[in-house]
Amino acid sequence: NGLGAGITRQIFYATARIGFYDIIRDQYKKYREIDIWGRLVVGLTSGGMAAVIACPAEVSLVRMSNDNALPLEQRRNYKSVADAGLRIAREEGIFAFWRGCMPFVNRAMLVGACQVGTYDQFKSSYAKMGITSPIGNVFCSSMSAGLLYSVITMPFETAKNRMAFQKPDPTTGILPYRSTAQTITAMAKAEGVLSLWNGFLPYYLRSGGHTVCMFILMEQLRTAYQNMA
């Protein structure tokens with residue numbers, strides 16, 4: 001449930017963050033030579049902008065995915081992503097799509113910097129090292145970006161999952177985890193810092209594989225578009 005919303009989210013979010021990145025980076029280059037720090041800033045900016053655009057699809061996805069977990073009398077029974085979007089706008093107002101959007105925007109900014117920004121930097125670095133073949137350069141760059149992305153984002157992913165599956169204290173009724181920063185700190189103190197990276201290999205295979213497939217396909221589409229122009 002929510003597959004249509006998930007695909008719609010990716011159409012808006014994934015394409016916007018890559019498209020915005022290229023546009024902002026090219027504008028940046030008009031004023032100064034871009035380096036790793038400039039690419040990270042551009043990645044942060046483009047990721048945040050893309051998240052704001054994709055918020056309606058994100059809210060629809062969350063609502064549709066979680067609907068079956070609600071009691072029968074509380075379910076909204078959305079028929080499709082279009083139905084979910086129209087009903088949310090009609091029943092709760094258009095601004096409901098951006099209510100509480102900051103966690104999504106913050107994560108998108110981190111992903112934009114760690115995945116897209118570092119990929120662009122690795123492409124430049126590997127080209128200087130002599131890896132200039134289109135597929136070889138993209139593969140090495142995307143695998144390296146995927147590794148860095150996985151190392152940096154896994155503590156946040158671990159904290160998100162821990163918060164999603166937490167249960168209140170049976171005595172006080174208080175949830176043990178209240179925010180991402182507090183969850184990461186509490187886990188590091190109680191279980192050790194390395195616990196934040198438990199299960200890293202499967203996470204890297206997922207994230208690295210996704211990063212490689214995404215950027216190879218993106219570069220092929222870009223080349224095909226340029227040949228048609």
# chains A, B, ... in the order shown; residues from 1 in each chain; ligands from 1

call {"tool": "residues_around", "arguments": {"residues": "range 190-203 of chain A", "least_positions_apart": "6", "cutoff": "9 Å", "atoms": "only C-alpha atoms", "output": "PyMOL selection string"}}
result
chain A and resi 150-151+154-159+184

call {"tool": "residues_around", "arguments": {"residues": "Tyr21 in chain A", "least_positions_apart": "2", "cutoff": "7 Å", "atoms": "only C-alpha atoms", "output": "PyMOL selection string"}}
result
chain A and resi 17-19+23-25+42-43+46

call {"tool": "write_last_selection", "arguments": {"atoms": "C-alpha atoms", "output": "mmCIF file, in the first residue's frame"}}
result
data_model
loop_
_atom_site.group_PDB
_atom_site.id
_atom_site.type_symbol
_atom_site.label_atom_id
_atom_site.label_comp_id
_atom_site.auth_asym_id
_atom_site.auth_seq_id
_atom_site.Cartn_x
_atom_site.Cartn_y
_atom_site.Cartn_z
ATOM 1 C CA ARG A 17 17.562 17.245 -6.212
ATOM 2 C CA ILE A 18 19.736 16.207 -9.165
ATOM 3 C CA GLY A 19 18.324 18.867 -11.469
ATOM 4 C CA ILE A 23 21.659 24.304 -12.025
ATOM 5 C CA ILE A 24 23.017 25.712 -8.747
ATOM 6 C CA ARG A 25 26.489 24.253 -9.335
ATOM 7 C CA VAL A 42 25.220 22.975 -3.366
ATOM 8 C CA GLY A 43 24.149 19.456 -2.334
ATOM 9 C CA SER A 46 19.432 21.297 -3.749
#

call {"tool": "atom_distance", "arguments": {"atom1": "CA of Thr45 in chain A", "atom2": "CA of Ile152 in chain A"}}
result
17.8 Å

call {"tool": "atom_distance", "arguments": {"atom1": "CA of Phe104 in chain A", "atom2": "CA of Ala54 in chain A"}}
result
9.6 Å

call {"tool": "select_by_dssp", "arguments": {"residues": "range 155-212 of chain A", "states": "alpha helix (DSSP H)", "output": "compact mmCIF listing (two decimals) with C-alpha atoms, in the first residue's frame"}}
result
# COMPACT_ATOMS: atom_id res chain seq x y z
CA PRO A 155 23.56 6.56 12.55
CA PHE A 156 20.55 8.68 11.55
CA GLU A 157 18.86 5.67 9.92
CA THR A 158 19.54 3.57 13.04
CA ALA A 159 18.11 6.29 15.27
CA LYS A 160 15.04 6.64 13.05
CA ASN A 161 14.35 2.89 13.22
CA ARG A 162 14.93 2.77 16.98
CA MET A 163 12.47 5.63 17.48
CA ALA A 164 9.90 4.02 15.17
CA THR A 180 17.34 12.02 16.64
CA ALA A 181 20.25 13.65 18.48
CA GLN A 182 19.10 12.30 21.86
CA THR A 183 18.63 8.80 20.42
CA ILE A 184 22.12 8.73 18.87
CA THR A 185 23.69 9.97 22.11
CA ALA A 186 21.74 7.49 24.27
CA MET A 187 22.63 4.53 22.03
CA ALA A 188 26.31 5.48 21.94
CA LYS A 189 26.45 5.70 25.75
CA ALA A 190 24.46 2.53 26.45
CA GLU A 191 25.60 0.24 23.63
CA PHE A 200 26.41 -1.77 7.99
CA LEU A 201 27.17 -4.22 5.15
CA PRO A 202 23.52 -4.81 4.13
CA TYR A 203 22.87 -1.08 4.46
CA TYR A 204 25.86 -0.28 2.24
CA LEU A 205 24.87 -2.91 -0.34
CA ARG A 206 21.42 -1.32 -0.50
CA SER A 207 22.60 2.29 -0.52
CA GLY A 208 25.66 1.67 -2.68
CA GLY A 209 23.68 -0.40 -5.16
CA HIS A 210 20.98 2.24 -5.35
CA THR A 211 23.58 4.99 -5.81
CA VAL A 212 25.40 3.11 -8.59

call {"tool": "atom_distance", "arguments": {"atom1": "CA of Met64 in chain A", "atom2": "CA of Arg107 in chain A"}}
result
20.9 Å
